[in-house]
Amino acid sequence: MTVRNLDKLFKPASIALIGASRKPGTVGAVVARNLFQAGFDGPVMPVNPTERAVEGVLTYKTVDSLPITPDLGVICTAPDTVAATIDALGKRGTKAAIVMTKGMSADQIQTMLETAKPYLMRVLGPNSLGAMVPARGMNASFAPVAPRKGDVALVAQSSMVLTSVADWATSRGIGFSHLVSLGERGDVDFGDLLDYLASDVTVRAILLYIESITHARKFMSAARSASRQKPVIVIKAGRSDEAQEAAASHTGALAVSDAVYDAVFRRAGVLRVNDLAELFDAAGTLGTGVPITGDRLAILTNGGGMGVMATDKLIQAGGRLAALAPETQEALAGPLGPQPGGAPFRNPLRIGADATPKRYAEALNALMQDTGNDAVLVLHCPSALTDSEAIAQAVAETVQANKARRHPVLTSWIGDQSAVGARKLFADGRIPTYSGPSDAVRAFMHLVRYRRSQQLLMETPPSVAEDFQPDEITVKKVVSRAMAEKREWLSEYEAKRVLAAYGIPVVDTRVAQTPAEAATAARVIGGPIALKILSHDITHKSDVGGVVLGLTSPDQVREEAEAMLARVAELAPEARIEGFTVQEMAVRPDAYELIVGMTENEMFGPVLLFGEGGIGVEVVEDYALALPPLNMKLAAEQMSRTRIHRQLQGYRSRAAVDLDTVALTLNKVSQLVVDFPEIAELDINPLLADADGVMALDARIKVGVPALPGAARLAIRPYPKALEDRITIKDGRQFFVRPILPEDEPLVHHLVENQTAEDLRLRFFAPLKRLSHQAAARLTQIDYDREMGLIAVGPDPQTGDTIMYGVVRITADPDNRRAEYAVMVRSDMKGQGLGYILMNKILDYARSRGIREVYGEVLRENTNMLNMCRALGFVRKENLDEPGVVEVRIELGGGLAA
């Protein structure tokens with residue numbers, strides 16, 4: 001990922017248009033018109049050897065003849081000329097190019113990129129519609145409509161989608177900070193632009209139209225970083241398999257299941273929507289800053305039918321109707337009068353077709369005081385009995401009067417002309433308003449989903465409920481043997497050994513080569529027996545009569561084994577039979593049958609599956625997907641997205657399942673596939689789960705040579721265990737140094753609490769008593785692909801609990817060239833060399849990642865830090881803008897990125 005020289009693409013001081021034309025209907029003519037008429041404050045230099053002038057401006061015959069070096073070159077010439085044009089621009093010093101040329105072959109694109117690389121030139125395209133930055137008067141595109149200025153950035157893979165959106169938005173008064181057509185993404189792609197736009201203060205929200213993603217980890221890292229800073233909203237075309245295949249054939253990218261994309265966007269903190277109207281509705285709603293905290297909605301309406309419609313939409317979307325608290329019931333009795341028969345007020349709250357402004361205001365005020373709802377939706381239907389605009393004014397004043405409470409209110413004034421004034425009033429007051437109740441409920445659910453995605457990024461997950469030490473040696477032996485024998489599938493017995501090595505309970509399973517040995521094994525196990533054929537050539541044993549359950553005696557086991565051999569010989573005559581597996585039948589009558597699995601996606605790597613298991617798993621199709629690595633919070637969230645999850649919490653006479661153990665099993669499977677890239681597919685079905693825990697009854701594991709080594713195949717870089725180490729400080733005490741984890745937030749708070757006020761001021765440049773949850777979560781929830789935090793932990797001498805004694809971190813820029821450091825040790829650890837050791841470790845790590853420079857800002861009075869930096873080889877640079885702050889930096893030299 002890199003944002004290098006993207007400022008020359010979006011903030012150029014000068015532009016050259018190569019292929020400028022006067023011929024109507026050509027790309028060169030449309031781009032020239034747009035460039036010259038958009039109000040760009042800088043020279044636009046048309047290049048065309050056969051034209052004298054374009055748009056009234058004299059042309060230049062070649063790039064070499066340009067009077068100045070352009071920051072940006074816009075190329076709309078024939079495919080076989082593009083590489084030479086890039087070379088000519090590069091020799092002049094141009095750092096960015098937009099290639100609008102279409103029809104370039106793969107070889108021509110590769111030649112273009114190789115030509116641009118030595119000049120560090122960024123290339124947008126080929127086959128790009130162009131880029132527009134309305135606030136800078138830059139329209140380097142052949143779009144037919146000039147977009148308005150705004151604070152929303154739109155990045156689209158499709159040129160036609162971009163032109164359609166620009167036209168659609170302009171007619172509705174919606175403006176943009178940037179519009180970018182990626183084209184064929186030869187160089188600049190979604191990850192690059194997410195990084196660039198996330199840091200641009202003129203951008204409030206980022207909208208993406210995606211058909212496919214090409215660099216999985218790059219996209220995930222950039223999206224997770226961007227979505228922490230501002231809303232990122234995406235339309236992903238191709239929800240059906242047919243549309244996905246069409247998109248893949250159109251873009252040349254891999255076809256990826258839509259369910260996988262859902263898991264990707266959810267993990268990235270990105271809000272996914274379905275169409276253009278929803279895209280801009282979501283951007284507008286999130287832009288209001290409405291602080292949704294849950295999914296309980298109260299509905300206030302003068303029309304019962306509209307309230308019912310809103311309720312339907314809410315329940316279908318996964319929201320909940322809020323219950324009205326007793327205090328709210330009492331408060332409503334005044335303005336609304338008692339209900340017939342003394343019945344309680346219900347949600348939706350219907351206040352009558354003759355509802356006055358005062359009645360609306362008093363009812364809304366009562367609902368806004370009720371902590372049992374997370375937002376209030378106010379609906380109004382046209383009525384000859386009331387003044388629509390006066391009611392809107394009363395609602396706006398009530399919202400303003402309760403401003404300190406920050407209780408979210410959304411509105412929908414239904415109608416056409418009668419609602420115009422009310423909608424303008426709400427817009428002026430920054431109160432979200434929508435044309436219909438369904439739109440309003442959809443907007444509420446956007447807020448709910450966005451909050452949930454931010455929670456997954458920022459909320460600290462609980463620690464794993466049970467520490468487990470996997471037996472990696474056993475797994476390595478089993479997997480290596482299978483691969484040496486050129487087998488794709490482990491036997492059931494081998495698969496269960498792998499699971500057991502990672503702490504997943506399995507039934508007692510033994511291997512027998514003959515029916516007689518099977519009977520002996522059954523006698524040892526005792527109890528009901530399950531007998532299964534053992535053959536590496538048979539994946540689905542029940543399909544060939546290779547499974548018999550409920551056998552109660554050794555003799556019965558022997559007889560069934562003999563009969564099984566005959567059945568299998570008839571139905572699968574080519575299969576090589578190694579014997580049988582004889583296993584204990586788990587008697588757990590109240591257990592649920594679940595499935596936990598993993599499959600390898602060609603683009604995003606391993607994808608984990610959880611859902612309802614059993615023999616009907618393909619028919620039921622109740623499952624949720626997630627990307628590894630997981631933790632307990634992410635595993636619980638994945639489980640919650642299945643239908644069976646509600647049953648697992650207790651259903652009628654069946655006790656609730658031990659959900660923590662199920663989540664822990666997901667974590668163990670996640671760790672297994674992270675540790676062993678040779679595992680290409682895994683199924684535990686069924687996984688029995690009840691109040692006593694879990695038990696894997698059957699398992700299938702496929703192995704093979706991974707397409708990418710180790711963690712490189714994962715879309716999200718996992719915990720870097722190789723950085724764990726033990727250190728000794730001057731007084732002889734030893735500490736464990738390891739990368740920081742999301743569950744370390746309590747340790748961060750404890751460290752801050754044990755700092756002196758002066759040390760906190762020197763570290764944070766201001767007085768600080770404690771870190772907020774958001775700040776501490778941000779320090780612990782890091783993306784190991786672009787950040788690293790190392791902590792030194794050890795026992796508390798008084799309590800014996802593990803505590804943090806020091807932490808060091810670096811945050812690299814998207815180019816991975818420079819990284820900012822921060823370090824903190826406990827105030828009572830000064831002079832023991834812990835900070836020096838941690839700094840050396842993080843600098844070594846930075847070198848291994850290819851980072852060239854590490855820098856930091858230090859208060860001038862922080863002499864201890866400045867002395868340590870000098871000893872480490874940092875140099876000082878005075879900060880003329882802030883005399884009290886010194887910048888320190890160290891050059892690390894070029895390394896190989898890990």
# chains A, B, ... in the order shown; residues from 1 in each chain; ligands from 1
>>> select_by_dssp(residues="stretch 650-856 of chain A", states="strand (DSSP E)", output="short mmCIF file (atom, residue, chain, number, x, y, z; two decimals) with C-alpha atoms, in the first residue's frame")
data_model
loop_
_atom_site.label_atom_id
_atom_site.label_comp_id
_atom_site.auth_asym_id
_atom_site.auth_seq_id
_atom_site.Cartn_x
_atom_site.Cartn_y
_atom_site.Cartn_z
CA ILE A 679 -4.72 -27.09 6.03
CA ALA A 680 -6.86 -26.17 3.03
CA GLU A 681 -10.27 -27.29 4.27
CA LEU A 682 -11.74 -28.40 7.59
CA ASP A 683 -15.16 -29.62 8.75
CA ILE A 684 -16.29 -30.53 12.25
CA ASN A 685 -19.80 -31.85 11.71
CA PRO A 686 -21.46 -32.49 13.97
CA LEU A 687 -19.97 -30.60 16.85
CA LEU A 688 -22.24 -31.49 19.76
CA ALA A 689 -22.86 -28.58 22.14
CA ASP A 690 -24.78 -28.45 25.38
CA GLY A 693 -19.42 -28.08 26.66
CA VAL A 694 -18.68 -29.44 23.19
CA MET A 695 -17.67 -32.71 21.58
CA ALA A 696 -16.48 -33.25 17.98
CA ALA A 699 -14.15 -34.32 11.28
CA ARG A 700 -12.71 -33.93 7.78
CA ILE A 701 -9.43 -32.14 7.02
CA LYS A 702 -7.96 -31.52 3.59
CA VAL A 703 -4.26 -30.68 3.24
CA ASP A 725 11.08 -12.82 23.83
CA ARG A 726 12.38 -12.69 27.40
CA ILE A 727 14.57 -9.84 28.62
CA THR A 728 16.55 -9.00 31.74
CA GLN A 734 13.10 -10.72 33.88
CA PHE A 735 10.11 -9.75 31.76
CA PHE A 736 8.20 -11.31 28.90
CA VAL A 737 8.10 -9.09 25.82
CA ARG A 738 5.36 -9.75 23.29
CA PRO A 739 3.15 -7.94 20.76
CA GLU A 787 1.50 -0.89 13.35
CA MET A 788 3.35 -2.73 16.07
CA GLY A 789 3.23 -2.49 19.83
CA LEU A 790 5.55 -4.46 22.10
CA ILE A 791 4.82 -4.73 25.82
CA ALA A 792 6.91 -5.95 28.72
CA VAL A 793 4.81 -7.93 31.20
CA GLY A 794 5.60 -9.66 34.47
CA PRO A 795 4.07 -10.52 37.84
CA THR A 802 0.37 -10.15 35.33
CA ILE A 803 0.85 -6.42 34.75
CA MET A 804 2.45 -4.24 32.11
CA TYR A 805 5.73 -2.54 32.98
CA GLY A 806 6.44 -0.86 29.66
CA VAL A 807 5.19 -0.46 26.10
CA VAL A 808 6.71 0.76 22.84
CA ARG A 809 4.92 1.18 19.52
CA ILE A 810 5.47 2.40 15.99
CA THR A 811 2.89 3.45 13.43
CA ALA A 812 4.11 3.39 9.83
CA ARG A 818 8.52 6.40 7.92
CA ALA A 819 7.13 5.37 11.28
CA GLU A 820 6.36 7.37 14.40
CA TYR A 821 7.36 5.87 17.73
CA ALA A 822 6.02 6.19 21.27
CA VAL A 823 7.37 4.58 24.43
CA MET A 824 6.30 4.52 28.07
CA VAL A 825 7.59 2.64 31.13
CA GLU A 853 13.11 6.22 9.23
CA VAL A 854 11.66 6.27 12.73
CA TYR A 855 10.79 9.61 14.29
CA GLY A 856 9.02 11.11 17.27
#
>>> residues_around(residues="A:Leu627", least_positions_apart="2", cutoff="7 Å", atoms="only C-alpha atoms", output="ChimeraX atom specification")
/A:263,606-608,629
>>> residues_around(residues="stretch 92-109 of chain A", least_positions_apart="4", cutoff="7 Å", atoms="only C-alpha atoms", output="ChimeraX atom specification")
/A:5,8-9,69-79,88,113,120-130,186
>>> write_last_selection(atoms="N, CA and C atoms", output="CSV table (one decimal), in the first residue's frame")
chain,number,residue,atom,x,y,z
A,5,ASN,N,3.0,10.1,-3.9
A,5,ASN,CA,2.8,10.9,-5.1
A,5,ASN,C,1.3,11.0,-5.5
A,8,LYS,N,0.1,14.5,-6.2
A,8,LYS,CA,0.3,15.0,-7.5
A,8,LYS,C,-0.9,14.6,-8.4
A,9,LEU,N,-1.6,13.6,-8.1
A,9,LEU,CA,-2.8,13.1,-8.8
A,9,LEU,C,-4.0,14.0,-8.5
A,69,THR,N,7.5,21.3,-16.3
A,69,THR,CA,7.2,19.9,-16.0
A,69,THR,C,5.8,19.8,-15.4
A,70,PRO,N,4.9,19.0,-16.0
A,70,PRO,CA,3.5,18.9,-15.4
A,70,PRO,C,3.6,18.0,-14.2
A,71,ASP,N,2.8,18.3,-13.1
A,71,ASP,CA,2.6,17.4,-12.0
A,71,ASP,C,1.9,16.2,-12.4
A,72,LEU,N,0.9,16.4,-13.3
A,72,LEU,CA,-0.1,15.3,-13.7
A,72,LEU,C,-0.1,15.2,-15.2
A,73,GLY,N,0.0,14.0,-15.7
A,73,GLY,CA,-0.2,13.8,-17.2
A,73,GLY,C,-1.5,13.0,-17.4
A,74,VAL,N,-2.3,13.5,-18.3
A,74,VAL,CA,-3.6,12.8,-18.6
A,74,VAL,C,-3.4,12.3,-20.0
A,75,ILE,N,-3.5,11.0,-20.2
A,75,ILE,CA,-3.2,10.3,-21.4
A,75,ILE,C,-4.4,9.7,-22.0
A,76,CYS,N,-4.8,10.1,-23.2
A,76,CYS,CA,-5.9,9.5,-24.0
A,76,CYS,C,-5.4,9.3,-25.4
A,77,THR,N,-4.4,8.5,-25.6
A,77,THR,CA,-3.8,8.1,-26.9
A,77,THR,C,-4.0,6.6,-27.1
A,78,ALA,N,-3.5,6.1,-28.2
A,78,ALA,CA,-3.7,4.7,-28.6
A,78,ALA,C,-2.9,3.8,-27.7
A,79,PRO,N,-3.3,2.6,-27.5
A,79,PRO,CA,-2.7,1.7,-26.5
A,79,PRO,C,-1.2,1.5,-26.7
A,88,ALA,N,8.3,9.4,-21.4
A,88,ALA,CA,8.6,10.8,-21.7
A,88,ALA,C,8.2,11.7,-20.5
A,113,LEU,N,3.5,-0.2,-16.6
A,113,LEU,CA,3.8,-0.2,-15.1
A,113,LEU,C,5.3,-0.2,-14.9
A,120,LEU,N,8.9,6.5,-10.0
A,120,LEU,CA,8.0,6.6,-8.8
A,120,LEU,C,6.7,7.3,-9.3
A,121,MET,N,6.3,7.1,-10.5
A,121,MET,CA,5.1,7.7,-11.0
A,121,MET,C,3.9,6.8,-10.7
A,122,ARG,N,2.8,7.5,-10.2
A,122,ARG,CA,1.6,6.8,-9.9
A,122,ARG,C,0.7,6.8,-11.1
A,123,VAL,N,0.0,5.7,-11.4
A,123,VAL,CA,-0.8,5.6,-12.6
A,123,VAL,C,-2.2,5.2,-12.2
A,124,LEU,N,-3.2,6.0,-12.6
A,124,LEU,CA,-4.6,5.7,-12.4
A,124,LEU,C,-5.1,5.2,-13.8
A,125,GLY,N,-5.6,3.9,-13.8
A,125,GLY,CA,-6.1,3.3,-15.0
A,125,GLY,C,-5.2,2.1,-15.3
A,126,PRO,N,-5.2,1.7,-16.6
A,126,PRO,CA,-5.9,2.3,-17.8
A,126,PRO,C,-7.4,2.1,-17.8
A,127,ASN,N,-8.0,2.6,-18.9
A,127,ASN,CA,-9.5,2.5,-19.0
A,127,ASN,C,-10.2,3.2,-17.9
A,128,SER,N,-9.6,4.4,-17.4
A,128,SER,CA,-10.2,5.2,-16.4
A,128,SER,C,-11.0,6.3,-17.0
A,129,LEU,N,-12.1,6.6,-16.4
A,129,LEU,CA,-12.9,7.8,-16.8
A,129,LEU,C,-12.1,9.1,-16.4
A,130,GLY,N,-11.3,8.9,-15.3
A,130,GLY,CA,-10.5,10.1,-14.8
A,130,GLY,C,-10.8,10.4,-13.4
A,186,GLY,N,-4.3,-0.8,-12.7
A,186,GLY,CA,-3.0,-1.2,-13.0
A,186,GLY,C,-2.0,-0.9,-11.8
>>> closest_residue(among="A:Gly415, A:Gly579, A:Gly304, A:Gly372", to="A:Tyr493", atoms="only C-alpha atoms")
A:Gly579
>>> closest_residue(among="A:Ala707, A:Val54, A:Ile837, A:Leu197", to="A:Glu600", atoms="only C-alpha atoms")
A:Ala707
>>> closest_residue(among="A:His749, A:Arg761, A:Arg172, A:His645", to="A:Ala777", atoms="only C-alpha atoms")
A:His749
>>> residues_around(residues="A:Ile729", least_positions_apart="2", cutoff="10 Å", atoms="only C-alpha atoms", output="NGL selection string")
:A and (727 or 731-735 or 829 or 831-837)
>>> write_last_selection(atoms="N, CA, C and O atoms", output="PDB file, in the first residue's frame")
ATOM      1  N   ILE A 727      13.479 -10.800  28.433  1.00  0.00           N
ATOM      2  CA  ILE A 727      14.565  -9.841  28.616  1.00  0.00           C
ATOM      3  C   ILE A 727      14.915  -9.734  30.100  1.00  0.00           C
ATOM      4  O   ILE A 727      14.103 -10.087  30.970  1.00  0.00           O
ATOM      5  N   ASP A 731      18.553  -4.626  37.216  1.00  0.00           N
ATOM      6  CA  ASP A 731      18.506  -5.190  38.575  1.00  0.00           C
ATOM      7  C   ASP A 731      18.279  -6.705  38.581  1.00  0.00           C
ATOM      8  O   ASP A 731      18.063  -7.310  39.633  1.00  0.00           O
ATOM      9  N   GLY A 732      18.324  -7.321  37.403  1.00  0.00           N
ATOM     10  CA  GLY A 732      18.217  -8.767  37.314  1.00  0.00           C
ATOM     11  C   GLY A 732      16.818  -9.293  37.083  1.00  0.00           C
ATOM     12  O   GLY A 732      16.641 -10.494  36.829  1.00  0.00           O
ATOM     13  N   ARG A 733      15.799  -8.451  37.163  1.00  0.00           N
ATOM     14  CA  ARG A 733      14.430  -8.921  36.937  1.00  0.00           C
ATOM     15  C   ARG A 733      14.225  -9.263  35.466  1.00  0.00           C
ATOM     16  O   ARG A 733      14.754  -8.599  34.573  1.00  0.00           O
ATOM     17  N   GLN A 734      13.405 -10.295  35.243  1.00  0.00           N
ATOM     18  CA  GLN A 734      13.104 -10.719  33.878  1.00  0.00           C
ATOM     19  C   GLN A 734      11.655 -10.388  33.522  1.00  0.00           C
ATOM     20  O   GLN A 734      10.761 -10.443  34.383  1.00  0.00           O
ATOM     21  N   PHE A 735      11.459 -10.062  32.251  1.00  0.00           N
ATOM     22  CA  PHE A 735      10.114  -9.751  31.757  1.00  0.00           C
ATOM     23  C   PHE A 735       9.885 -10.465  30.436  1.00  0.00           C
ATOM     24  O   PHE A 735      10.830 -10.789  29.706  1.00  0.00           O
ATOM     25  N   MET A 829      10.102   2.324  37.318  1.00  0.00           N
ATOM     26  CA  MET A 829      11.078   1.495  36.611  1.00  0.00           C
ATOM     27  C   MET A 829      12.197   2.333  35.986  1.00  0.00           C
ATOM     28  O   MET A 829      13.038   1.803  35.258  1.00  0.00           O
ATOM     29  N   GLY A 831      15.565   4.187  35.091  1.00  0.00           N
ATOM     30  CA  GLY A 831      16.963   3.909  35.370  1.00  0.00           C
ATOM     31  C   GLY A 831      17.349   2.451  35.270  1.00  0.00           C
ATOM     32  O   GLY A 831      18.509   2.102  35.483  1.00  0.00           O
ATOM     33  N   GLN A 832      16.383   1.556  34.927  1.00  0.00           N
ATOM     34  CA  GLN A 832      16.676   0.129  34.853  1.00  0.00           C
ATOM     35  C   GLN A 832      16.927  -0.344  33.418  1.00  0.00           C
ATOM     36  O   GLN A 832      17.187  -1.522  33.193  1.00  0.00           O
ATOM     37  N   GLY A 833      16.814   0.578  32.440  1.00  0.00           N
ATOM     38  CA  GLY A 833      17.125   0.229  31.057  1.00  0.00           C
ATOM     39  C   GLY A 833      15.994  -0.421  30.290  1.00  0.00           C
ATOM     40  O   GLY A 833      16.185  -0.875  29.156  1.00  0.00           O
ATOM     41  N   LEU A 834      14.776  -0.489  30.872  1.00  0.00           N
ATOM     42  CA  LEU A 834      13.664  -1.153  30.179  1.00  0.00           C
ATOM     43  C   LEU A 834      13.277  -0.394  28.914  1.00  0.00           C
ATOM     44  O   LEU A 834      13.064  -1.000  27.848  1.00  0.00           O
ATOM     45  N   GLY A 835      13.179   0.936  29.007  1.00  0.00           N
ATOM     46  CA  GLY A 835      12.826   1.731  27.839  1.00  0.00           C
ATOM     47  C   GLY A 835      13.838   1.575  26.720  1.00  0.00           C
ATOM     48  O   GLY A 835      13.485   1.479  25.531  1.00  0.00           O
ATOM     49  N   TYR A 836      15.114   1.523  27.077  1.00  0.00           N
ATOM     50  CA  TYR A 836      16.182   1.375  26.088  1.00  0.00           C
ATOM     51  C   TYR A 836      16.068   0.026  25.373  1.00  0.00           C
ATOM     52  O   TYR A 836      16.205  -0.069  24.146  1.00  0.00           O
ATOM     53  N   ILE A 837      15.794  -1.043  26.139  1.00  0.00           N
ATOM     54  CA  ILE A 837      15.655  -2.375  25.545  1.00  0.00           C
ATOM     55  C   ILE A 837      14.456  -2.419  24.602  1.00  0.00           C
ATOM     56  O   ILE A 837      14.536  -2.944  23.477  1.00  0.00           O
TER      57      ILE A 837
END
>>> atom_distance(atom1="atom CA of A:Phe142", atom2="atom CA of A:Leu194")
23.2 Å
